[in-house]
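K.L.:
The following block contains the structure, expressed as structure tokens.
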Amino acid sequence: MPIFIEIFGDQSVSPLPVALRSGDMVRGFRIVGTDPNTGELGKDIGTQLKNAHQNMKLSIESVGGTTANIAQVSMYFQDFGRDREAMNPPWVDAFPDESDRPTYKFLTANLPGDELVYMDYFAVLNQPRQVLNIPGVAHTNPIPLGVKMGPYLFSSRVLPYDPGTGKPPEGVEAQAEHLFNNVEALLKTGGMSWSDVKQGRAFVADLVNLPLVTRRWEKLFPDASNRPVLHPLKYGGGALQVMLEIIASEDN
Amino acid sequence: MAADIKQFFEVYPSQPQATIPIGIRINDMVFANGLAGIDPVTGEPAGDLVAQMSKILEHLQRLMERAGGSMDNIVRCAAYVTTMADREPIYEPWEALYPDKADRPALKALLAELPAGHLVHLDAVGIIDGKRERIDLPNISARDPAVKMGSWFFTSRCHGNDQTTGKIVEGGLEAETRQTFDNFAALVKRAGGTEDNIVQVNMFGRDDSYKEVARKVFEERFPDPAKRPSCHQMVNVVSDSMQISIEMMAAL
């Protein structure tokens, strides 16, 4: 059984754990935009994001790692539509090398009080970061399509693009088809296959279209007793009707 | 360390509009961090302190079910409240949920800063298919138990109680710290292990002044830095009748 321990930040200030470690895998959470020195919440989104990146750095350092160990970050915004422009500058400051940075996803959540952003992350200790990309399926945001670290693969929200055109095709059925092909290509780039997948998260703009994902998922994993979890999430889609985020790990 | 990861997935609220995960399952272990007594979609708090604690326990129950287990599989919880007066009332819904003193998880109630409107947060550790086994020392009464589950052993916060009289030993901080480690040794032996199985020690004192002495006792107890458990020293609420409280967890 992998050793598991809880990780804390400044223990004179707060008893709340900020991460869990299981073997070399680290799950960080409770990362918000408070000033790491004063504990004050930043007044605006720019300050809160900057603080949150600083707190994430402190979190992984308290496990004995560095930001080079971070594989994937989730950012939850009180109002993403309003604050989206603020997201990438502190991200690029924190991870300046485009050939070696984690991936992320961003979502809206009803955060308490004046919190404008909340973050959690996955990191892997003692393993180099390998960024995974596939031609024609690139984010416009400064992130790779996925990251492999040691035995773990964390994807971004994989895009439903037609790799031939580099754009999403018309129609949700065609998008779903490309999406699953793209996830498979991503797994292959990481030397993995569907059988290594441990979790999927389906982002669908209209829940009516969820069966387009679950049908394919069930076909890939016909044994219900051994099927990885698939969480559905409704999100404001725009041109992208369906996306899939996965976590995979290789068996020993 | 090799992965040996069979299950690795986040647990989300059942509503597909809720974006933030509330827990994670890694193999047989389930971790919930920062459970709040709120509506998972709107973020609205459930009401007063007891209402929020009750809502948290509902969330925990759903979380355990979605992770493939039940409330019988919870081994250790940590509650965080914002004032001293709020430490006691949270036991009402807790003891209603776990009426059997012989079969309830380890628990500690600490003070922490929480987001605006949040009066209590809860962290929990569960082991799928695990069964609780309460471990006591004969002459020391403990409201919150030490609990063995499978190959894991968690204490609540323990103190420098004499193993014959049950009273806090005389001699102040250093004597109490030594006695608490003696009590850990006796507890972990009853759980079927030895002090070498201890993987994490969390100390609590009223202010920073306890840290140096307590750290010295800890390092004497675990002289080999390579085999020393992870040790965190926190400043938090400690009962008036003592100088230090310590909790530990062991992998048997």
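FYI, nothing fancy with the structure tokens labels: chains A, B, ... in order, residues from 1 per chain, ligands from 1 as they appear.
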Sorted by chain and rising residue number, list the residues of chain A at most 6 Å from chain B (counting only C-alpha atoms), each with its closest atom pair and distance in Å to one decimal, as a tab-separated table.

P.N.:
residue	atom	partner	partner_atom	distance
A:Gln11	CA	B:Met234	CA	4.7
A:Ser12	CA	B:Val235	CA	5.0
A:Asn110	CA	B:Gly43	CA	5.3
A:Pro112	CA	B:Pro115	CA	5.9
A:Gly113	CA	B:Ala116	CA	4.8
A:Lys198	CA	B:Phe8	CA	5.6
A:Gln199	CA	B:Phe9	CA	5.4
A:Pro232	CA	B:Pro16	CA	5.7
A:Leu233	CA	B:Pro16	CA	4.5
A:Lys234	CA	B:Gln17	CA	5.5
A:Asp251	CA	B:Asp4	CA	5.6
A:Asn252	CA	B:Asp4	CA	5.4

K.L.:
Using the selection just defined, write its residues with C-alpha atoms as an mmCIF file, in the first residue's frame.

P.N.:
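Writing done, so here's result.cif:
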data_model
loop_
_atom_site.group_PDB
_atom_site.id
_atom_site.type_symbol
_atom_site.label_atom_id
_atom_site.label_comp_id
_atom_site.auth_asym_id
_atom_site.auth_seq_id
_atom_site.Cartn_x
_atom_site.Cartn_y
_atom_site.Cartn_z
ATOM 1 C CA GLN A 11 1.262 25.411 10.928
ATOM 2 C CA SER A 12 1.393 28.412 13.241
ATOM 3 C CA ASN A 110 -20.100 29.716 -6.455
ATOM 4 C CA PRO A 112 -17.780 31.797 -0.610
ATOM 5 C CA GLY A 113 -17.493 35.449 0.382
ATOM 6 C CA LYS A 198 -9.034 5.535 -14.056
ATOM 7 C CA GLN A 199 -11.490 8.409 -14.379
ATOM 8 C CA PRO A 232 -20.939 14.318 -16.135
ATOM 9 C CA LEU A 233 -20.690 18.076 -15.938
ATOM 10 C CA LYS A 234 -22.852 20.689 -17.614
ATOM 11 C CA ASP A 251 -0.326 -0.662 -13.617
ATOM 12 C CA ASN A 252 2.912 -1.920 -12.234
#

K.L.:
Among stretch 26-145 of chain B, which residues does DSSP mark as alpha helix (DSSP H) when it is run on the backbone? Keep the chain and numbering as in the structure and answer as a PyMOL selection string.

P.N.:
chain B and resi 49-66+91-97

K.L.:
In Å, with one decimal, what is the gap from atom CA of A:Leu220 to atom CA of A:Trp194?

P.N.:
7.4 Å

K.L.:
Could you pull out the residues in stretch 20-246 of chain B that DSSP calls strand (DSSP E) from the backbone, as a ChimeraX atom specification?

P.N.:
/B:23-26,29-36,74-81,106-111,120-127,132-135,146-149,152-154,198-205,230-235,245-246

K.L.:
I'd like the contact shell of stretch 62-74 of chain A - 6 Å cut-off, only C-alpha atoms, skipping same-chain residues fewer than 2 positions apart - returned as a list in words.

P.N.:
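Contacts, in chain order: Lys57, Ser59, Ile60, Pro102, Thr103, Tyr104, Lys105, Phe106, Met119, Asp120, Tyr121, Phe122, Ala123, Val124 and Leu125 of chain A.
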